[in-house]
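What follows is the content of input-v3.cif, which has mmCIF, C-alpha atoms, pLDDT in the B column; chains and numbers go by the auth columns:
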```
data_final
loop_
_atom_site.group_PDB
_atom_site.id
_atom_site.type_symbol
_atom_site.label_atom_id
_atom_site.label_comp_id
_atom_site.label_asym_id
_atom_site.label_seq_id
_atom_site.Cartn_x
_atom_site.Cartn_y
_atom_site.Cartn_z
_atom_site.B_iso_or_equiv
_atom_site.auth_seq_id
_atom_site.auth_asym_id
ATOM 1 C CA MET A 1 -85.279 -71.969 -77.501 66.00 1 A
ATOM 2 C CA ALA A 2 -84.554 -73.406 -74.042 76.00 2 A
ATOM 3 C CA LYS A 3 -81.534 -72.044 -72.234 87.00 3 A
ATOM 4 C CA THR A 4 -78.571 -74.250 -71.367 92.00 4 A
ATOM 5 C CA LYS A 5 -78.822 -75.461 -67.758 94.00 5 A
ATOM 6 C CA VAL A 6 -76.087 -74.597 -65.270 95.00 6 A
ATOM 7 C CA LEU A 7 -75.791 -75.660 -61.626 95.00 7 A
ATOM 8 C CA ILE A 8 -73.683 -73.529 -59.279 95.00 8 A
ATOM 9 C CA ILE A 9 -72.830 -74.611 -55.734 90.00 9 A
ATOM 10 C CA ASP A 10 -71.228 -72.318 -53.155 89.00 10 A
ATOM 11 C CA LYS A 11 -71.385 -72.245 -49.357 85.00 11 A
ATOM 12 C CA GLU A 12 -71.334 -68.430 -49.284 85.00 12 A
ATOM 13 C CA SER A 13 -74.840 -67.200 -50.039 86.00 13 A
ATOM 14 C CA PRO A 14 -73.929 -63.646 -51.204 90.00 14 A
ATOM 15 C CA LEU A 15 -71.313 -64.949 -53.659 89.00 15 A
ATOM 16 C CA LEU A 16 -73.668 -67.688 -54.846 90.00 16 A
ATOM 17 C CA ILE A 17 -76.448 -65.200 -55.561 93.00 17 A
ATOM 18 C CA ALA A 18 -74.069 -62.764 -57.284 93.00 18 A
ATOM 19 C CA ALA A 19 -72.645 -65.488 -59.538 93.00 19 A
ATOM 20 C CA GLY A 20 -76.133 -66.805 -60.235 93.00 20 A
ATOM 21 C CA ARG A 21 -77.311 -63.411 -61.410 94.00 21 A
ATOM 22 C CA VAL A 22 -74.360 -63.108 -63.772 94.00 22 A
ATOM 23 C CA LEU A 23 -74.958 -66.555 -65.260 94.00 23 A
ATOM 24 C CA GLU A 24 -78.708 -65.942 -65.610 94.00 24 A
ATOM 25 C CA GLN A 25 -77.904 -63.468 -68.366 91.00 25 A
ATOM 26 C CA GLN A 26 -77.253 -66.444 -70.645 93.00 26 A
ATOM 27 C CA TYR A 27 -78.239 -69.665 -68.851 95.00 27 A
ATOM 28 C CA ASP A 28 -80.990 -71.407 -66.911 95.00 28 A
ATOM 29 C CA VAL A 29 -79.365 -71.391 -63.466 95.00 29 A
ATOM 30 C CA THR A 30 -79.973 -73.592 -60.418 95.00 30 A
ATOM 31 C CA MET A 31 -78.196 -72.691 -57.157 95.00 31 A
ATOM 32 C CA ALA A 32 -77.304 -74.801 -54.122 92.00 32 A
ATOM 33 C CA LEU A 33 -75.554 -73.994 -50.833 90.00 33 A
ATOM 34 C CA SER A 34 -74.222 -77.492 -50.078 86.00 34 A
ATOM 35 C CA ALA A 35 -72.907 -80.628 -51.723 86.00 35 A
ATOM 36 C CA ASP A 36 -76.053 -82.503 -50.695 87.00 36 A
ATOM 37 C CA GLY A 37 -78.242 -79.814 -52.247 89.00 37 A
ATOM 38 C CA GLY A 38 -76.181 -79.955 -55.428 88.00 38 A
ATOM 39 C CA ILE A 39 -76.389 -83.737 -55.643 89.00 39 A
ATOM 40 C CA ASP A 40 -80.169 -83.569 -55.125 91.00 40 A
ATOM 41 C CA ALA A 41 -80.414 -81.094 -58.021 92.00 41 A
ATOM 42 C CA LEU A 42 -78.319 -83.398 -60.203 90.00 42 A
ATOM 43 C CA GLY A 43 -80.807 -86.178 -59.513 90.00 43 A
ATOM 44 C CA GLU A 44 -83.702 -84.026 -60.650 91.00 44 A
ATOM 45 C CA GLN A 45 -82.284 -82.314 -63.757 90.00 45 A
ATOM 46 C CA THR A 46 -79.646 -82.679 -66.441 91.00 46 A
ATOM 47 C CA PHE A 47 -77.085 -79.879 -66.518 93.00 47 A
ATOM 48 C CA SER A 48 -74.574 -78.911 -69.187 93.00 48 A
ATOM 49 C CA LEU A 49 -72.269 -77.332 -66.598 94.00 49 A
ATOM 50 C CA VAL A 50 -71.657 -77.602 -62.861 94.00 50 A
ATOM 51 C CA ILE A 51 -69.646 -74.894 -61.082 94.00 51 A
ATOM 52 C CA CYS A 52 -68.793 -76.099 -57.588 90.00 52 A
ATOM 53 C CA GLU A 53 -66.870 -74.765 -54.588 86.00 53 A
ATOM 54 C CA LEU A 54 -64.060 -77.057 -53.403 81.00 54 A
ATOM 55 C CA THR A 55 -64.946 -76.830 -49.698 76.00 55 A
ATOM 56 C CA LEU A 56 -68.632 -77.126 -48.783 69.00 56 A
ATOM 57 C CA GLU A 57 -70.809 -77.779 -45.765 57.00 57 A
ATOM 58 C CA GLY A 58 -71.582 -81.441 -45.168 54.00 58 A
ATOM 59 C CA ALA A 59 -69.377 -82.876 -47.916 56.00 59 A
ATOM 60 C CA ALA A 60 -66.507 -81.718 -50.076 72.00 60 A
ATOM 61 C CA GLY A 61 -67.071 -80.390 -53.552 73.00 61 A
ATOM 62 C CA LEU A 62 -65.134 -83.414 -54.768 79.00 62 A
ATOM 63 C CA THR A 63 -68.158 -85.508 -53.752 84.00 63 A
ATOM 64 C CA VAL A 64 -70.195 -83.557 -56.285 86.00 64 A
ATOM 65 C CA LEU A 65 -67.474 -83.972 -58.908 87.00 65 A
ATOM 66 C CA ASP A 66 -67.456 -87.727 -58.298 85.00 66 A
ATOM 67 C CA ALA A 67 -71.251 -87.883 -58.655 87.00 67 A
ATOM 68 C CA VAL A 68 -71.135 -85.934 -61.925 89.00 68 A
ATOM 69 C CA ARG A 69 -68.392 -88.101 -63.417 87.00 69 A
ATOM 70 C CA LYS A 70 -70.236 -91.314 -62.488 87.00 70 A
ATOM 71 C CA ASN A 71 -73.741 -90.306 -63.548 86.00 71 A
ATOM 72 C CA ALA A 72 -73.254 -87.618 -66.196 87.00 72 A
ATOM 73 C CA PRO A 73 -69.680 -87.886 -67.531 85.00 73 A
ATOM 74 C CA GLY A 74 -70.414 -85.520 -70.411 86.00 74 A
ATOM 75 C CA THR A 75 -71.269 -82.631 -68.075 91.00 75 A
ATOM 76 C CA ALA A 76 -68.662 -79.860 -67.900 92.00 76 A
ATOM 77 C CA PHE A 77 -67.325 -79.204 -64.396 93.00 77 A
ATOM 78 C CA ILE A 78 -65.581 -76.098 -63.049 92.00 78 A
ATOM 79 C CA LEU A 79 -63.987 -76.321 -59.606 87.00 79 A
ATOM 80 C CA GLN A 80 -63.786 -72.981 -57.802 87.00 80 A
ATOM 81 C CA THR A 81 -61.884 -72.016 -54.661 82.00 81 A
ATOM 82 C CA ASP A 82 -60.291 -69.166 -52.740 78.00 82 A
ATOM 83 C CA TYR A 83 -57.275 -71.435 -52.191 70.00 83 A
ATOM 84 C CA THR A 84 -54.853 -69.739 -54.576 62.00 84 A
ATOM 85 C CA ALA A 85 -51.837 -72.053 -54.489 62.00 85 A
ATOM 86 C CA PRO A 86 -50.435 -72.479 -58.039 65.00 86 A
ATOM 87 C CA SER A 87 -50.619 -76.254 -57.646 65.00 87 A
ATOM 88 C CA PHE A 88 -54.430 -76.078 -57.494 62.00 88 A
ATOM 89 C CA LYS A 89 -54.618 -75.638 -61.259 65.00 89 A
ATOM 90 C CA SER A 90 -52.967 -78.969 -62.025 70.00 90 A
ATOM 91 C CA GLU A 91 -54.725 -80.671 -59.113 68.00 91 A
ATOM 92 C CA ALA A 92 -58.132 -79.565 -60.405 70.00 92 A
ATOM 93 C CA PHE A 93 -57.479 -81.219 -63.772 74.00 93 A
ATOM 94 C CA LYS A 94 -56.080 -84.366 -62.121 75.00 94 A
ATOM 95 C CA LEU A 95 -59.262 -84.653 -60.070 74.00 95 A
ATOM 96 C CA GLY A 96 -61.349 -84.607 -63.238 79.00 96 A
ATOM 97 C CA ALA A 97 -62.466 -80.978 -63.459 84.00 97 A
ATOM 98 C CA ASP A 98 -62.596 -79.335 -66.879 86.00 98 A
ATOM 99 C CA ASP A 99 -61.571 -75.910 -65.590 87.00 99 A
ATOM 100 C CA TYR A 100 -61.059 -73.905 -62.404 84.00 100 A
ATOM 101 C CA LEU A 101 -61.899 -70.497 -60.961 86.00 101 A
ATOM 102 C CA PHE A 102 -60.026 -68.590 -58.272 85.00 102 A
ATOM 103 C CA LYS A 103 -62.298 -66.473 -56.073 85.00 103 A
ATOM 104 C CA PRO A 104 -62.920 -63.607 -56.329 85.00 104 A
ATOM 105 C CA TYR A 105 -63.434 -63.551 -60.093 88.00 105 A
ATOM 106 C CA THR A 106 -64.981 -61.007 -62.418 92.00 106 A
ATOM 107 C CA PRO A 107 -68.359 -61.502 -64.162 93.00 107 A
ATOM 108 C CA GLU A 108 -66.500 -61.514 -67.488 93.00 108 A
ATOM 109 C CA GLU A 109 -64.195 -64.331 -66.385 93.00 109 A
ATOM 110 C CA LEU A 110 -67.113 -66.355 -65.030 93.00 110 A
ATOM 111 C CA LEU A 111 -69.067 -66.063 -68.283 94.00 111 A
ATOM 112 C CA PHE A 112 -65.990 -66.768 -70.414 93.00 112 A
ATOM 113 C CA ARG A 113 -65.028 -69.926 -68.533 91.00 113 A
ATOM 114 C CA ALA A 114 -68.614 -71.144 -68.416 93.00 114 A
ATOM 115 C CA ARG A 115 -69.052 -70.690 -72.170 92.00 115 A
ATOM 116 C CA ARG A 116 -65.702 -72.299 -72.992 89.00 116 A
ATOM 117 C CA SER A 117 -66.353 -75.318 -70.758 90.00 117 A
ATOM 118 C CA ILE A 118 -69.822 -75.896 -72.218 91.00 118 A
ATOM 119 C CA GLU A 119 -68.592 -75.583 -75.815 87.00 119 A
ATOM 120 C CA THR A 120 -65.675 -77.944 -75.176 85.00 120 A
ATOM 121 C CA ALA A 121 -67.897 -80.539 -73.506 85.00 121 A
ATOM 122 C CA ASP A 122 -70.409 -80.249 -76.361 82.00 122 A
ATOM 123 C CA LEU A 123 -67.666 -80.741 -78.941 78.00 123 A
ATOM 124 C CA LYS A 124 -66.369 -83.844 -77.169 76.00 124 A
ATOM 125 C CA GLN A 125 -69.902 -85.211 -76.953 75.00 125 A
ATOM 126 C CA ARG A 126 -70.626 -84.669 -80.655 69.00 126 A
ATOM 127 C CA ILE A 127 -67.360 -86.271 -81.696 64.00 127 A
ATOM 128 C CA GLY A 128 -68.082 -89.218 -79.412 61.00 128 A
ATOM 129 C CA ASP A 129 -71.660 -89.583 -80.653 51.00 129 A
ATOM 130 C CA LYS A 130 -70.628 -89.572 -84.295 49.00 130 A
ATOM 131 C CA LYS A 131 -67.779 -92.000 -83.673 48.00 131 A
ATOM 132 C CA THR A 132 -65.874 -90.290 -86.461 51.00 132 A
ATOM 133 C CA LEU A 133 -62.819 -88.196 -87.153 57.00 133 A
ATOM 134 C CA LEU A 134 -62.664 -84.485 -87.778 65.00 134 A
ATOM 135 C CA SER A 135 -62.472 -83.502 -91.436 72.00 135 A
ATOM 136 C CA ASN A 136 -58.952 -82.301 -92.200 71.00 136 A
ATOM 137 C CA CYS A 137 -57.856 -80.788 -95.538 77.00 137 A
ATOM 138 C CA CYS A 138 -55.008 -82.880 -96.956 70.00 138 A
ATOM 139 C CA VAL A 139 -53.395 -79.787 -98.509 72.00 139 A
ATOM 140 C CA CYS A 140 -53.744 -76.844 -96.100 78.00 140 A
ATOM 141 C CA LYS A 141 -54.435 -79.031 -93.009 74.00 141 A
ATOM 142 C CA LYS A 142 -57.402 -76.912 -91.887 81.00 142 A
ATOM 143 C CA ILE A 143 -60.146 -78.564 -89.818 79.00 143 A
ATOM 144 C CA MET A 144 -63.811 -78.492 -90.863 76.00 144 A
ATOM 145 C CA CYS A 145 -66.163 -77.352 -88.087 69.00 145 A
ATOM 146 C CA ASP A 146 -69.516 -78.679 -89.232 59.00 146 A
ATOM 147 C CA ASP A 147 -71.652 -77.670 -86.255 53.00 147 A
ATOM 148 C CA ASN A 148 -74.771 -75.695 -87.082 46.00 148 A
ATOM 149 C CA GLY A 149 -74.832 -73.429 -84.040 40.00 149 A
ATOM 150 C CA ALA A 150 -74.007 -69.752 -83.768 36.00 150 A
ATOM 151 C CA ALA A 151 -70.350 -70.648 -83.249 43.00 151 A
ATOM 152 C CA ALA A 152 -70.069 -72.354 -86.651 46.00 152 A
ATOM 153 C CA MET A 153 -66.870 -71.123 -88.279 55.00 153 A
ATOM 154 C CA GLY A 154 -66.326 -73.375 -91.308 73.00 154 A
ATOM 155 C CA TRP A 155 -62.727 -74.311 -92.056 82.00 155 A
ATOM 156 C CA MET A 156 -60.302 -73.345 -89.292 81.00 156 A
ATOM 157 C CA GLU A 157 -56.556 -73.444 -88.855 83.00 157 A
ATOM 158 C CA VAL A 158 -55.508 -76.207 -86.452 78.00 158 A
ATOM 159 C CA GLU A 159 -54.114 -73.637 -83.998 79.00 159 A
ATOM 160 C CA ASP A 160 -57.384 -71.647 -84.078 80.00 160 A
ATOM 161 C CA PHE A 161 -59.468 -74.790 -83.647 77.00 161 A
ATOM 162 C CA LEU A 162 -57.508 -75.876 -80.579 74.00 162 A
ATOM 163 C CA LYS A 163 -57.693 -72.391 -79.081 74.00 163 A
ATOM 164 C CA GLU A 164 -61.384 -71.669 -79.743 73.00 164 A
ATOM 165 C CA ARG A 165 -62.872 -75.108 -79.182 68.00 165 A
ATOM 166 C CA MET A 166 -60.499 -76.797 -76.755 65.00 166 A
ATOM 167 C CA GLY A 167 -58.945 -73.870 -74.904 67.00 167 A
ATOM 168 C CA VAL A 168 -55.460 -75.074 -75.878 68.00 168 A
ATOM 169 C CA LEU A 169 -52.605 -72.851 -77.020 70.00 169 A
ATOM 170 C CA LEU A 170 -49.776 -74.297 -79.117 67.00 170 A
ATOM 171 C CA SER A 171 -46.133 -73.555 -78.366 69.00 171 A
ATOM 172 C CA SER A 172 -43.758 -74.171 -81.287 70.00 172 A
ATOM 173 C CA THR A 173 -40.749 -76.374 -80.626 75.00 173 A
ATOM 174 C CA TYR A 174 -38.900 -79.375 -82.121 73.00 174 A
ATOM 175 C CA CYS A 175 -39.318 -83.038 -81.322 81.00 175 A
ATOM 176 C CA PRO A 176 -35.930 -84.811 -80.865 81.00 176 A
ATOM 177 C CA LYS A 177 -36.029 -86.370 -84.346 82.00 177 A
ATOM 178 C CA CYS A 178 -36.832 -83.095 -86.131 82.00 178 A
ATOM 179 C CA ALA A 179 -34.290 -81.202 -84.025 80.00 179 A
ATOM 180 C CA GLN A 180 -31.601 -83.639 -85.173 84.00 180 A
ATOM 181 C CA THR A 181 -32.721 -83.342 -88.809 85.00 181 A
ATOM 182 C CA VAL A 182 -32.667 -79.525 -88.682 81.00 182 A
ATOM 183 C CA GLN A 183 -29.242 -79.540 -87.058 84.00 183 A
ATOM 184 C CA GLU A 184 -27.874 -81.921 -89.684 85.00 184 A
ATOM 185 C CA ASP A 185 -29.335 -79.768 -92.490 84.00 185 A
ATOM 186 C CA LEU A 186 -27.761 -76.626 -91.032 84.00 186 A
ATOM 187 C CA MET A 187 -24.377 -78.317 -90.676 85.00 187 A
ATOM 188 C CA ALA A 188 -24.594 -79.574 -94.276 84.00 188 A
ATOM 189 C CA GLN A 189 -25.394 -76.048 -95.518 83.00 189 A
ATOM 190 C CA LEU A 190 -22.446 -74.655 -93.564 80.00 190 A
ATOM 191 C CA GLU A 191 -20.097 -77.236 -95.065 81.00 191 A
ATOM 192 C CA ARG A 192 -21.301 -76.343 -98.570 81.00 192 A
ATOM 193 C CA LEU A 193 -20.662 -72.640 -97.877 79.00 193 A
ATOM 194 C CA LYS A 194 -17.166 -73.410 -96.586 77.00 194 A
ATOM 195 C CA ALA A 195 -16.423 -75.449 -99.703 78.00 195 A
ATOM 196 C CA SER A 196 -17.692 -72.703 -102.042 78.00 196 A
ATOM 197 C CA LYS A 197 -15.735 -69.908 -100.310 72.00 197 A
ATOM 198 C CA PRO A 198 -12.473 -71.313 -98.914 71.00 198 A
ATOM 199 C CA GLY A 199 -10.839 -69.125 -96.270 66.00 199 A
ATOM 200 C CA CYS A 200 -13.999 -67.156 -95.465 65.00 200 A
ATOM 201 C CA TYR A 201 -15.094 -69.381 -92.613 56.00 201 A
ATOM 202 C CA PRO A 202 -13.113 -70.593 -89.568 59.00 202 A
ATOM 203 C CA GLN A 203 -12.267 -74.250 -89.569 58.00 203 A
#
```
Let me see the file written as structure tokens.
Amino acid sequence: MAKTKVLIIDKESPLLIAAGRVLEQQYDVTMALSADGGIDALGEQTFSLVICELTLEGAAGLTVLDAVRKNAPGTAFILQTDYTAPSFKSEAFKLGADDYLFKPYTPEELLFRARRSIETADLKQRIGDKKTLLSNCCVCKKIMCDDNGAAAMGWMEVEDFLKERMGVLLSSTYCPKCAQTVQEDLMAQLERLKASKPGCYPQ
């Protein structure tokens, strides 16, 4: 079975080679030292993932991102940088990247983010190709994962599906309408308690 193809672009040769060796454990890796070299590789092969440095010789990494989004929109893209400002995270997503990496990173983090980005892009592609909705149980609300790969997991809780397949974590809260409903229900319960036990509750 052919390995998934990954393109990694970095202006620093030692870091490029080190990252390439880590990725070669699981993927068919192509390496480039410049934006032009990366764009040439994109013209010759189809990649499932591109990992690209933000600042490169000759042209910015955003040039590569633009080329990927125009010519291969289904390709996952990770933008990496040693610029560690917190705002970079949101900026990377605004620019169209699927994920980001702050240098230096560990081999484990590199492999984790690569795998997650590829799986997410693949899921989006399959949903788009089928032009259909995900199967959702009308009773327990679980989602059916019908892929046949090694990651097939059958019926999954919505929270687990979002976490494993989309890299999204849910945070429980109330929408304004539900918050008002809950508050009204609580006030109604309190009034019933007051009525059943006069003098036990302050007015």
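Separating atom CA of A:Gly154 from atom CA of A:Thr4 is a distance of 23.4 Å.
Within 10 Å of A:Leu101, once only C-alpha atoms are used and residues closer than 2 positions along the same chain are dropped, the contacting residues are Ile51, Cys52, Glu53, Ile78, Leu79, Gln80, Thr81, Asp82, Tyr83, Thr84, Phe88, Lys89, Ala92, Asp99, Lys103, Pro104, Tyr105, Glu109, Leu110 and Arg113 of chain A.
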Between A:Ile8, A:Val182, A:Ala114, A:Leu162, single out the one closest to A:Lys142, counting all atoms listed in the file. A:Leu162
Report the distance between atom CA of A:Ile9 and atom CA of A:Val64 in Å, rounded to one decimal place. 9.3 Å
Excluding A:Asn136 and any residue of its chain fewer than 6 positions from it, enumerate the residues within 10 Å of it, using all atoms listed in the file, and give them as a VMD selection string. chain A and resid 142 to 145 155 to 158
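The space between atom CA of A:Gly37 and atom CA of A:Leu7 spans 10.5 Å.
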Got a sec to resolve the PyMOL selection byres ((chain A and resi 28-36) around 9) on this structure and send the residues as a PyMOL selection string? chain A and resi 2-13+16-17+20-21+23-27+37-41+52-53+56-64
Compare A:Arg192, A:Lys70, A:Glu119, A:Gln45 by their minimum atom-to-atom distance to A:Lys163, counting all atoms listed in the file, and give me the closest one.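 Under the stated criterion, the closest residue is A:Glu119.
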Give the answer as one residue: which of A:Ser196, A:Thr46, A:Thr181, A:Thr106 has the shortest atom-to-atom distance to A:Ala18, using all atoms listed in the file?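 Once distances to A:Ala18 are computed over all atoms listed in the file, the minimum belongs to A:Thr106.
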